[in-house]
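K.L.:
Structure file coords_28.pdb (PDB, C-alpha atoms) is given on the next line.
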```
ATOM      1  CA  MET A   1      12.730  -0.021 -25.014  1.00  0.00           C
ATOM      2  CA  ILE A   2       9.706  -0.486 -27.219  1.00  0.00           C
ATOM      3  CA  GLY A   3       6.765   1.165 -25.414  1.00  0.00           C
ATOM      4  CA  ARG A   4       4.095   1.262 -28.111  1.00  0.00           C
ATOM      5  CA  LEU A   5       3.395  -0.342 -31.460  1.00  0.00           C
ATOM      6  CA  SER A   6       1.169   1.041 -34.166  1.00  0.00           C
ATOM      7  CA  GLY A   7       0.769  -0.941 -37.351  1.00  0.00           C
ATOM      8  CA  ILE A   8      -1.209  -3.472 -39.341  1.00  0.00           C
ATOM      9  CA  LEU A   9      -2.342  -6.681 -37.658  1.00  0.00           C
ATOM     10  CA  LEU A  10      -0.999  -9.518 -39.833  1.00  0.00           C
ATOM     11  CA  GLU A  11      -1.729 -12.626 -37.727  1.00  0.00           C
ATOM     12  CA  LYS A  12      -3.738 -13.603 -34.658  1.00  0.00           C
ATOM     13  CA  ASN A  13      -2.712 -16.893 -33.025  1.00  0.00           C
ATOM     14  CA  PRO A  14      -3.692 -16.671 -29.337  1.00  0.00           C
ATOM     15  CA  PRO A  15      -1.887 -15.449 -27.346  1.00  0.00           C
ATOM     16  CA  GLN A  16       0.532 -14.233 -30.033  1.00  0.00           C
ATOM     17  CA  LEU A  17       0.075 -11.550 -32.679  1.00  0.00           C
ATOM     18  CA  LEU A  18       2.173 -10.448 -35.615  1.00  0.00           C
ATOM     19  CA  VAL A  19       2.077  -6.684 -36.163  1.00  0.00           C
ATOM     20  CA  ASP A  20       3.628  -5.064 -39.250  1.00  0.00           C
ATOM     21  CA  CYS A  21       5.132  -1.685 -38.402  1.00  0.00           C
ATOM     22  CA  GLN A  22       6.311  -0.188 -41.709  1.00  0.00           C
ATOM     23  CA  GLY A  23       7.802  -3.411 -42.988  1.00  0.00           C
ATOM     24  CA  VAL A  24       9.045  -4.852 -39.693  1.00  0.00           C
ATOM     25  CA  GLY A  25       6.926  -7.650 -38.205  1.00  0.00           C
ATOM     26  CA  TYR A  26       6.797  -7.740 -34.409  1.00  0.00           C
ATOM     27  CA  GLU A  27       5.679 -10.869 -32.561  1.00  0.00           C
ATOM     28  CA  VAL A  28       3.704  -9.746 -29.524  1.00  0.00           C
ATOM     29  CA  ASP A  29       2.138 -11.850 -26.749  1.00  0.00           C
ATOM     30  CA  VAL A  30      -1.106 -10.427 -25.379  1.00  0.00           C
ATOM     31  CA  PRO A  31      -3.538 -11.357 -22.584  1.00  0.00           C
ATOM     32  CA  MET A  32      -6.924 -12.631 -23.737  1.00  0.00           C
ATOM     33  CA  SER A  33      -8.574  -9.417 -22.482  1.00  0.00           C
ATOM     34  CA  THR A  34      -6.624  -7.546 -25.174  1.00  0.00           C
ATOM     35  CA  TYR A  35      -6.998 -10.331 -27.744  1.00  0.00           C
ATOM     36  CA  TYR A  36     -10.801 -10.233 -27.643  1.00  0.00           C
ATOM     37  CA  ASN A  37     -10.800  -6.498 -28.399  1.00  0.00           C
ATOM     38  CA  LEU A  38      -8.469  -6.654 -31.402  1.00  0.00           C
ATOM     39  CA  PRO A  39      -9.527  -5.472 -34.858  1.00  0.00           C
ATOM     40  CA  GLN A  40      -9.702  -7.865 -37.822  1.00  0.00           C
ATOM     41  CA  VAL A  41      -6.519  -9.094 -39.540  1.00  0.00           C
ATOM     42  CA  GLY A  42      -5.382  -6.460 -42.056  1.00  0.00           C
ATOM     43  CA  GLU A  43      -6.623  -3.540 -39.963  1.00  0.00           C
ATOM     44  CA  LYS A  44      -4.616  -0.994 -37.969  1.00  0.00           C
ATOM     45  CA  VAL A  45      -3.851  -1.822 -34.349  1.00  0.00           C
ATOM     46  CA  VAL A  46      -2.220   0.161 -31.513  1.00  0.00           C
ATOM     47  CA  LEU A  47      -0.713  -1.679 -28.549  1.00  0.00           C
ATOM     48  CA  PHE A  48       1.047  -0.477 -25.422  1.00  0.00           C
ATOM     49  CA  THR A  49       4.024  -2.771 -24.986  1.00  0.00           C
ATOM     50  CA  HIS A  50       6.465  -4.087 -22.437  1.00  0.00           C
ATOM     51  CA  GLN A  51       9.772  -5.429 -23.700  1.00  0.00           C
ATOM     52  CA  ALA A  52      11.568  -8.116 -21.712  1.00  0.00           C
ATOM     53  CA  ILE A  53      15.172  -8.838 -22.580  1.00  0.00           C
ATOM     54  CA  ARG A  54      16.607 -12.070 -21.284  1.00  0.00           C
ATOM     55  CA  GLU A  55      19.820 -13.882 -22.050  1.00  0.00           C
ATOM     56  CA  ASP A  56      18.005 -16.322 -24.324  1.00  0.00           C
ATOM     57  CA  ALA A  57      15.164 -14.174 -25.725  1.00  0.00           C
ATOM     58  CA  HIS A  58      13.806 -10.727 -26.456  1.00  0.00           C
ATOM     59  CA  LEU A  59      10.081 -10.785 -25.710  1.00  0.00           C
ATOM     60  CA  LEU A  60       7.383  -8.232 -26.441  1.00  0.00           C
ATOM     61  CA  PHE A  61       4.085  -8.144 -24.549  1.00  0.00           C
ATOM     62  CA  GLY A  62       1.188  -6.025 -25.783  1.00  0.00           C
ATOM     63  CA  PHE A  63      -1.827  -4.479 -24.061  1.00  0.00           C
ATOM     64  CA  GLY A  64      -4.934  -2.669 -25.213  1.00  0.00           C
ATOM     65  CA  ASN A  65      -4.451   0.164 -22.709  1.00  0.00           C
ATOM     66  CA  ALA A  66      -1.819   1.672 -20.450  1.00  0.00           C
ATOM     67  CA  GLU A  67      -3.621   0.550 -17.275  1.00  0.00           C
ATOM     68  CA  GLU A  68      -3.332  -3.123 -18.268  1.00  0.00           C
ATOM     69  CA  ARG A  69       0.381  -2.660 -18.964  1.00  0.00           C
ATOM     70  CA  ALA A  70       0.873  -0.974 -15.580  1.00  0.00           C
ATOM     71  CA  VAL A  71      -0.778  -3.903 -13.782  1.00  0.00           C
ATOM     72  CA  PHE A  72       1.342  -6.370 -15.795  1.00  0.00           C
ATOM     73  CA  ARG A  73       4.492  -4.503 -14.752  1.00  0.00           C
ATOM     74  CA  GLN A  74       3.360  -4.540 -11.127  1.00  0.00           C
ATOM     75  CA  LEU A  75       2.723  -8.294 -11.303  1.00  0.00           C
ATOM     76  CA  ILE A  76       6.093  -9.252 -12.792  1.00  0.00           C
ATOM     77  CA  LYS A  77       7.910  -7.416  -9.970  1.00  0.00           C
ATOM     78  CA  ILE A  78       6.596 -10.051  -7.558  1.00  0.00           C
ATOM     79  CA  THR A  79       8.946 -12.946  -6.809  1.00  0.00           C
ATOM     80  CA  GLY A  80       7.755 -16.108  -8.529  1.00  0.00           C
ATOM     81  CA  ILE A  81       5.436 -14.320 -10.957  1.00  0.00           C
ATOM     82  CA  GLY A  82       6.776 -14.424 -14.464  1.00  0.00           C
ATOM     83  CA  ALA A  83       5.436 -12.821 -17.604  1.00  0.00           C
ATOM     84  CA  ARG A  84       3.416 -15.927 -18.578  1.00  0.00           C
ATOM     85  CA  MET A  85       1.692 -16.074 -15.195  1.00  0.00           C
ATOM     86  CA  ALA A  86       0.988 -12.327 -15.300  1.00  0.00           C
ATOM     87  CA  LEU A  87      -0.587 -12.759 -18.765  1.00  0.00           C
ATOM     88  CA  SER A  88      -2.629 -15.656 -17.415  1.00  0.00           C
ATOM     89  CA  LEU A  89      -3.882 -13.504 -14.529  1.00  0.00           C
ATOM     90  CA  LEU A  90      -4.865 -10.665 -16.875  1.00  0.00           C
ATOM     91  CA  SER A  91      -6.534 -13.199 -19.171  1.00  0.00           C
ATOM     92  CA  GLY A  92      -8.456 -14.816 -16.324  1.00  0.00           C
ATOM     93  CA  MET A  93      -9.849 -11.730 -14.630  1.00  0.00           C
ATOM     94  CA  THR A  94     -10.395  -8.054 -15.286  1.00  0.00           C
ATOM     95  CA  ILE A  95      -8.261  -5.398 -13.629  1.00  0.00           C
ATOM     96  CA  ALA A  96     -11.285  -4.341 -11.564  1.00  0.00           C
ATOM     97  CA  ASP A  97     -11.808  -7.935 -10.363  1.00  0.00           C
ATOM     98  CA  LEU A  98      -8.127  -8.292  -9.513  1.00  0.00           C
ATOM     99  CA  ALA A  99      -8.142  -4.972  -7.639  1.00  0.00           C
ATOM    100  CA  GLN A 100     -11.261  -6.004  -5.736  1.00  0.00           C
ATOM    101  CA  ALA A 101      -9.730  -9.372  -4.815  1.00  0.00           C
ATOM    102  CA  VAL A 102      -6.650  -7.535  -3.499  1.00  0.00           C
ATOM    103  CA  THR A 103      -8.735  -4.978  -1.590  1.00  0.00           C
ATOM    104  CA  LEU A 104     -10.839  -7.719   0.021  1.00  0.00           C
ATOM    105  CA  GLN A 105      -7.828 -10.077   0.354  1.00  0.00           C
ATOM    106  CA  GLU A 106      -9.738 -12.917  -1.359  1.00  0.00           C
ATOM    107  CA  SER A 107      -7.280 -15.580  -2.462  1.00  0.00           C
ATOM    108  CA  GLY A 108     -10.126 -17.848  -3.612  1.00  0.00           C
ATOM    109  CA  ARG A 109     -10.766 -15.644  -6.637  1.00  0.00           C
ATOM    110  CA  LEU A 110      -7.103 -15.781  -7.693  1.00  0.00           C
ATOM    111  CA  ILE A 111      -6.852 -19.565  -7.306  1.00  0.00           C
ATOM    112  CA  LYS A 112      -9.487 -19.951 -10.054  1.00  0.00           C
ATOM    113  CA  VAL A 113      -6.920 -18.665 -12.585  1.00  0.00           C
ATOM    114  CA  PRO A 114      -4.948 -21.560 -14.161  1.00  0.00           C
ATOM    115  CA  GLY A 115      -1.404 -21.757 -12.802  1.00  0.00           C
ATOM    116  CA  ILE A 116      -2.163 -19.871  -9.573  1.00  0.00           C
ATOM    117  CA  GLY A 117      -1.982 -21.988  -6.435  1.00  0.00           C
ATOM    118  CA  LYS A 118      -2.843 -21.095  -2.852  1.00  0.00           C
ATOM    119  CA  LYS A 119       0.665 -19.936  -1.875  1.00  0.00           C
ATOM    120  CA  THR A 120       1.080 -17.867  -5.048  1.00  0.00           C
ATOM    121  CA  ALA A 121      -2.339 -16.275  -4.530  1.00  0.00           C
ATOM    122  CA  GLU A 122      -1.462 -15.347  -0.938  1.00  0.00           C
ATOM    123  CA  ARG A 123       1.889 -13.896  -2.057  1.00  0.00           C
ATOM    124  CA  LEU A 124       0.100 -11.843  -4.737  1.00  0.00           C
ATOM    125  CA  LEU A 125      -2.396 -10.470  -2.219  1.00  0.00           C
ATOM    126  CA  LEU A 126       0.358  -9.577   0.223  1.00  0.00           C
ATOM    127  CA  GLU A 127       2.622  -7.920  -2.360  1.00  0.00           C
ATOM    128  CA  LEU A 128      -0.179  -6.030  -4.144  1.00  0.00           C
ATOM    129  CA  LYS A 129      -1.927  -4.795  -1.007  1.00  0.00           C
ATOM    130  CA  GLY A 130      -1.818  -1.015  -0.993  1.00  0.00           C
ATOM    131  CA  LYS A 131      -0.420  -0.947  -4.541  1.00  0.00           C
ATOM    132  CA  LEU A 132      -3.145  -2.414  -6.700  1.00  0.00           C
ATOM    133  CA  GLY A 133      -6.216  -2.533  -4.500  1.00  0.00           C
ATOM    134  CA  ALA A 134      -6.030   1.087  -3.394  1.00  0.00           C
ATOM    135  CA  ASP A 135      -4.701   2.827  -6.498  1.00  0.00           C
ATOM    136  CA  LEU A 136      -6.088   0.902  -9.438  1.00  0.00           C
ATOM    137  CA  GLY A 137      -9.048  -0.441  -7.496  1.00  0.00           C
ATOM    138  CA  ALA A 138     -10.576   3.016  -7.386  1.00  0.00           C
ATOM    139  CA  ALA A 139      -9.834   3.580 -11.062  1.00  0.00           C
ATOM    140  CA  GLY A 140     -11.079   0.125 -12.019  1.00  0.00           C
ATOM    141  CA  GLY A 141     -14.382   0.570 -10.233  1.00  0.00           C
ATOM    142  CA  ALA A 142     -13.734  -1.824  -7.369  1.00  0.00           C
ATOM    143  CA  ARG A 143     -15.516  -0.759  -4.252  1.00  0.00           C
ATOM    144  CA  ALA A 144     -14.678  -1.402  -0.659  1.00  0.00           C
ATOM    145  CA  VAL A 145     -17.162  -3.928   0.701  1.00  0.00           C
ATOM    146  CA  PRO A 146     -18.030  -3.825   4.406  1.00  0.00           C
ATOM    147  CA  ASP A 147     -17.109  -6.937   6.427  1.00  0.00           C
ATOM    148  CA  ALA A 148     -20.636  -8.418   6.476  1.00  0.00           C
ATOM    149  CA  GLN A 149     -20.946  -8.037   2.716  1.00  0.00           C
ATOM    150  CA  SER A 150     -17.505  -9.551   2.241  1.00  0.00           C
ATOM    151  CA  ASP A 151     -18.592 -12.559   4.333  1.00  0.00           C
ATOM    152  CA  ILE A 152     -21.812 -12.880   2.298  1.00  0.00           C
ATOM    153  CA  LEU A 153     -19.811 -12.709  -0.936  1.00  0.00           C
ATOM    154  CA  ASN A 154     -17.360 -15.367   0.282  1.00  0.00           C
ATOM    155  CA  ALA A 155     -20.256 -17.623   1.325  1.00  0.00           C
ATOM    156  CA  LEU A 156     -21.830 -17.356  -2.140  1.00  0.00           C
ATOM    157  CA  LEU A 157     -18.494 -18.100  -3.803  1.00  0.00           C
ATOM    158  CA  ALA A 158     -18.008 -21.101  -1.504  1.00  0.00           C
ATOM    159  CA  LEU A 159     -21.448 -22.369  -2.572  1.00  0.00           C
ATOM    160  CA  GLY A 160     -20.209 -22.461  -6.153  1.00  0.00           C
ATOM    161  CA  TYR A 161     -21.686 -19.272  -7.582  1.00  0.00           C
ATOM    162  CA  SER A 162     -19.517 -17.310 -10.024  1.00  0.00           C
ATOM    163  CA  ASP A 163     -18.043 -13.917  -9.113  1.00  0.00           C
ATOM    164  CA  LYS A 164     -20.547 -12.226 -11.420  1.00  0.00           C
ATOM    165  CA  GLU A 165     -23.562 -14.039  -9.916  1.00  0.00           C
ATOM    166  CA  ALA A 166     -22.389 -13.458  -6.338  1.00  0.00           C
ATOM    167  CA  LEU A 167     -21.749  -9.737  -6.885  1.00  0.00           C
ATOM    168  CA  ALA A 168     -25.128  -9.312  -8.625  1.00  0.00           C
ATOM    169  CA  ALA A 169     -26.907 -11.055  -5.731  1.00  0.00           C
ATOM    170  CA  LEU A 170     -24.979  -8.951  -3.224  1.00  0.00           C
ATOM    171  CA  LYS A 171     -26.495  -5.804  -4.763  1.00  0.00           C
ATOM    172  CA  SER A 172     -29.956  -7.029  -3.716  1.00  0.00           C
ATOM    173  CA  VAL A 173     -28.891  -7.218  -0.062  1.00  0.00           C
ATOM    174  CA  PRO A 174     -29.697  -4.000   1.841  1.00  0.00           C
ATOM    175  CA  ALA A 175     -26.741  -2.246   3.443  1.00  0.00           C
ATOM    176  CA  GLY A 176     -26.421  -3.056   7.126  1.00  0.00           C
ATOM    177  CA  SER A 177     -27.879  -6.571   6.812  1.00  0.00           C
ATOM    178  CA  GLY A 178     -26.376  -9.237   9.037  1.00  0.00           C
ATOM    179  CA  VAL A 179     -24.383 -12.082   7.488  1.00  0.00           C
ATOM    180  CA  SER A 180     -27.019 -14.826   7.886  1.00  0.00           C
ATOM    181  CA  ASP A 181     -29.908 -12.576   6.753  1.00  0.00           C
ATOM    182  CA  GLY A 182     -27.767 -11.303   3.877  1.00  0.00           C
ATOM    183  CA  ILE A 183     -26.960 -14.828   2.680  1.00  0.00           C
ATOM    184  CA  LYS A 184     -30.678 -15.745   2.790  1.00  0.00           C
ATOM    185  CA  LEU A 185     -31.633 -12.608   0.800  1.00  0.00           C
ATOM    186  CA  ALA A 186     -28.831 -13.184  -1.726  1.00  0.00           C
ATOM    187  CA  LEU A 187     -29.831 -16.839  -2.219  1.00  0.00           C
ATOM    188  CA  LYS A 188     -33.445 -15.750  -2.670  1.00  0.00           C
ATOM    189  CA  ALA A 189     -32.331 -13.249  -5.357  1.00  0.00           C
ATOM    190  CA  LEU A 190     -30.251 -15.955  -7.071  1.00  0.00           C
ATOM    191  CA  SER A 191     -33.179 -18.416  -7.110  1.00  0.00           C
ATOM    192  CA  LYS A 192     -35.365 -15.804  -8.871  1.00  0.00           C
ATOM    193  CA  GLY A 193     -32.696 -15.160 -11.508  1.00  0.00           C
TER     194      GLY A 193
END
```
Turn this file's structure into structure tokens for me.
P.N.:
Amino acid sequence: MIGRLSGILLEKNPPQLLVDCQGVGYEVDVPMSTYYNLPQVGEKVVLFTHQAIREDAHLLFGFGNAEERAVFRQLIKITGIGARMALSLLSGMTIADLAQAVTLQESGRLIKVPGIGKKTAERLLLELKGKLGADLGAAGGARAVPDAQSDILNALLALGYSDKEALAALKSVPAGSGVSDGIKLALKALSKG
């Protein structure tokens, strides 16, 4: 198995790269989170890889760090989640956001990713519970949110605010606030911003 590539970046055509490793060019598919952090064409690049061998293809997927690769491998173990969908998930949200969605069991955040429907999102949350939310959630900076704060966050998301806006507004809500008071305070913070 090919676990890591180190070479010169020859081409960048999202989501595919061409990496020259001492005369051999490897085609590697990467999530957009990795793509945005790549060096310029002609510079040295190091990617952690996952090789998938199928009857009709040998595919190589690359990641900027080992944590991203570990999450990818966890995702493709789930029935109905292929490599393309796993790449889409990692392109659409950070590992910390994914871990937080799993910890809080928020399917609404997963549905926003292209290709992820309600049933797939629920399956992901069920299969990843205790695997991603607990382990990588702590490493990725996701925090456990008390029930009232989770309800406030869901209300803000339902009102059309982005994850980033809702989480920022949630920080302005004092701990121990009730749901209705918390929503009012969060909306007040959002109107000032």
K.L.:
Of the residues A:Asp29, A:Gly117, A:Ala148, A:Ser162, which is the one nearest to A:Ser180, using all atoms listed in the file?
P.N.:
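Between A:Asp29, A:Gly117, A:Ala148, A:Ser162, the residue approaching A:Ser180 most closely is A:Ala148.
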K.L.:
Looking at all atoms listed in the file, which of A:Ile152, A:Ala96, A:Ile111, A:Val45 is the one that sits closest to A:Glu68?
P.N.:
A:Ala96
K.L.:
Between atom CA of A:Leu9 and atom CA of A:Pro39, measure the distance and give it in Å to one decimal.
P.N.:
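Distance reported for this atom pair: 7.8 Å.
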K.L.:
Can you work out the spacing between atom CA of A:Ala66 and atom CA of A:Gln100 in Å, to one decimal?
P.N.:
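Going from atom CA of A:Ala66 over to atom CA of A:Gln100 covers 19.1 Å.
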K.L.:
Quick one: of A:Leu124, A:Lys192, A:Gly80, A:Gly108, who's nearest to A:Ala158, counting only C-alpha atoms?
P.N.:
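Of A:Leu124, A:Lys192, A:Gly80, A:Gly108, the one nearest A:Ala158, counting only C-alpha atoms, is A:Gly108.
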K.L.:
Atom CA of A:Gly7 and atom CA of A:Arg69 are how many Å apart?
P.N.:
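Calculated distance between atom CA of A:Gly7 and atom CA of A:Arg69 is 18.5 Å.
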K.L.:
Compare A:Met85, A:Ile116, A:Leu132, A:Met32 by their minimum atom-to-atom distance to A:Glu67, counting all atoms listed in the file, and give me the closest one.
P.N.:
A:Leu132
K.L.:
When the PyMOL selection byres ((chain A and resi 22) around 10) is applied to the structure above, which residues does it catch, written out as a list in words?
P.N.:
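When the PyMOL selection byres ((chain A and resi 22) around 10) is applied to the shown file, the picked residues are Ser6, Gly7, Ile8, Val19, Asp20, Cys21, Gly23, Val24 and Gly25 of chain A.
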K.L.:
Using only C-alpha atoms, which residues sit within 7 Å of A:Val28 once same-chain residues fewer than 4 positions away are excluded, as a list in words?
P.N.:
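Returned residues: Gln16, Leu17, Leu18, Leu60, Phe61 and Gly62 of chain A.
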K.L.:
Pull C-alpha atoms from the residues just selected and write them as a tab-separated table (two decimals), in the frame of the given file.
P.N.:
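again.tsv, written as the output of this step:
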```tsv
chain	number	residue	atom	x	y	z
A	16	GLN	CA	0.53	-14.23	-30.03
A	17	LEU	CA	0.08	-11.55	-32.68
A	18	LEU	CA	2.17	-10.45	-35.62
A	60	LEU	CA	7.38	-8.23	-26.44
A	61	PHE	CA	4.08	-8.14	-24.55
A	62	GLY	CA	1.19	-6.02	-25.78
```
K.L.:
Can you translate the PyMOL selection byres ((chain A and resi 172-177) around 10) into the concrete residues it hits in this file, as a list in words?
P.N.:
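On the file shown, the PyMOL selection byres ((chain A and resi 172-177) around 10) covers Pro146, Ala148, Gln149, Ile152, Leu167, Ala168, Ala169, Leu170, Lys171, Gly178, Val179, Ser180, Asp181, Gly182, Ile183, Lys184, Leu185, Ala186, Leu187, Lys188, Ala189 and Leu190 of chain A.
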K.L.:
Keeping only C-alpha atoms, write the selected residues to a file as a JSON list (two decimals), in the coordinates of the input.
P.N.:
```json
[["chain", "number", "residue", "atom", "x", "y", "z"],
["A", 146, "PRO", "CA", -18.03, -3.82, 4.41],
["A", 148, "ALA", "CA", -20.64, -8.42, 6.48],
["A", 149, "GLN", "CA", -20.95, -8.04, 2.72],
["A", 152, "ILE", "CA", -21.81, -12.88, 2.30],
["A", 167, "LEU", "CA", -21.75, -9.74, -6.88],
["A", 168, "ALA", "CA", -25.13, -9.31, -8.62],
["A", 169, "ALA", "CA", -26.91, -11.06, -5.73],
["A", 170, "LEU", "CA", -24.98, -8.95, -3.22],
["A", 171, "LYS", "CA", -26.50, -5.80, -4.76],
["A", 178, "GLY", "CA", -26.38, -9.24, 9.04],
["A", 179, "VAL", "CA", -24.38, -12.08, 7.49],
["A", 180, "SER", "CA", -27.02, -14.83, 7.89],
["A", 181, "ASP", "CA", -29.91, -12.58, 6.75],
["A", 182, "GLY", "CA", -27.77, -11.30, 3.88],
["A", 183, "ILE", "CA", -26.96, -14.83, 2.68],
["A", 184, "LYS", "CA", -30.68, -15.74, 2.79],
["A", 185, "LEU", "CA", -31.63, -12.61, 0.80],
["A", 186, "ALA", "CA", -28.83, -13.18, -1.73],
["A", 187, "LEU", "CA", -29.83, -16.84, -2.22],
["A", 188, "LYS", "CA", -33.44, -15.75, -2.67],
["A", 189, "ALA", "CA", -32.33, -13.25, -5.36],
["A", 190, "LEU", "CA", -30.25, -15.96, -7.07]]
```
K.L.:
Applying the PyMOL selection byres ((chain A and resi 114) around 12) to the file I just gave you, which residues come out? Please list them as a PyMOL selection string.
P.N.:
chain A and resi 84-93+109-113+115-118+120-121
K.L.:
Identify, on the basis of all atoms listed in the file, every residue whose closest approach to stretch 35-37 of chain A does not exceed 8 Å; exclude the query and any residue fewer than 3 positions from it along the same chain; express the result as a list in words.
P.N.:
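So, after excluding close chain neighbours, the residues are Pro14, Pro15, Val30, Pro31, Met32 and Gly64 of chain A.
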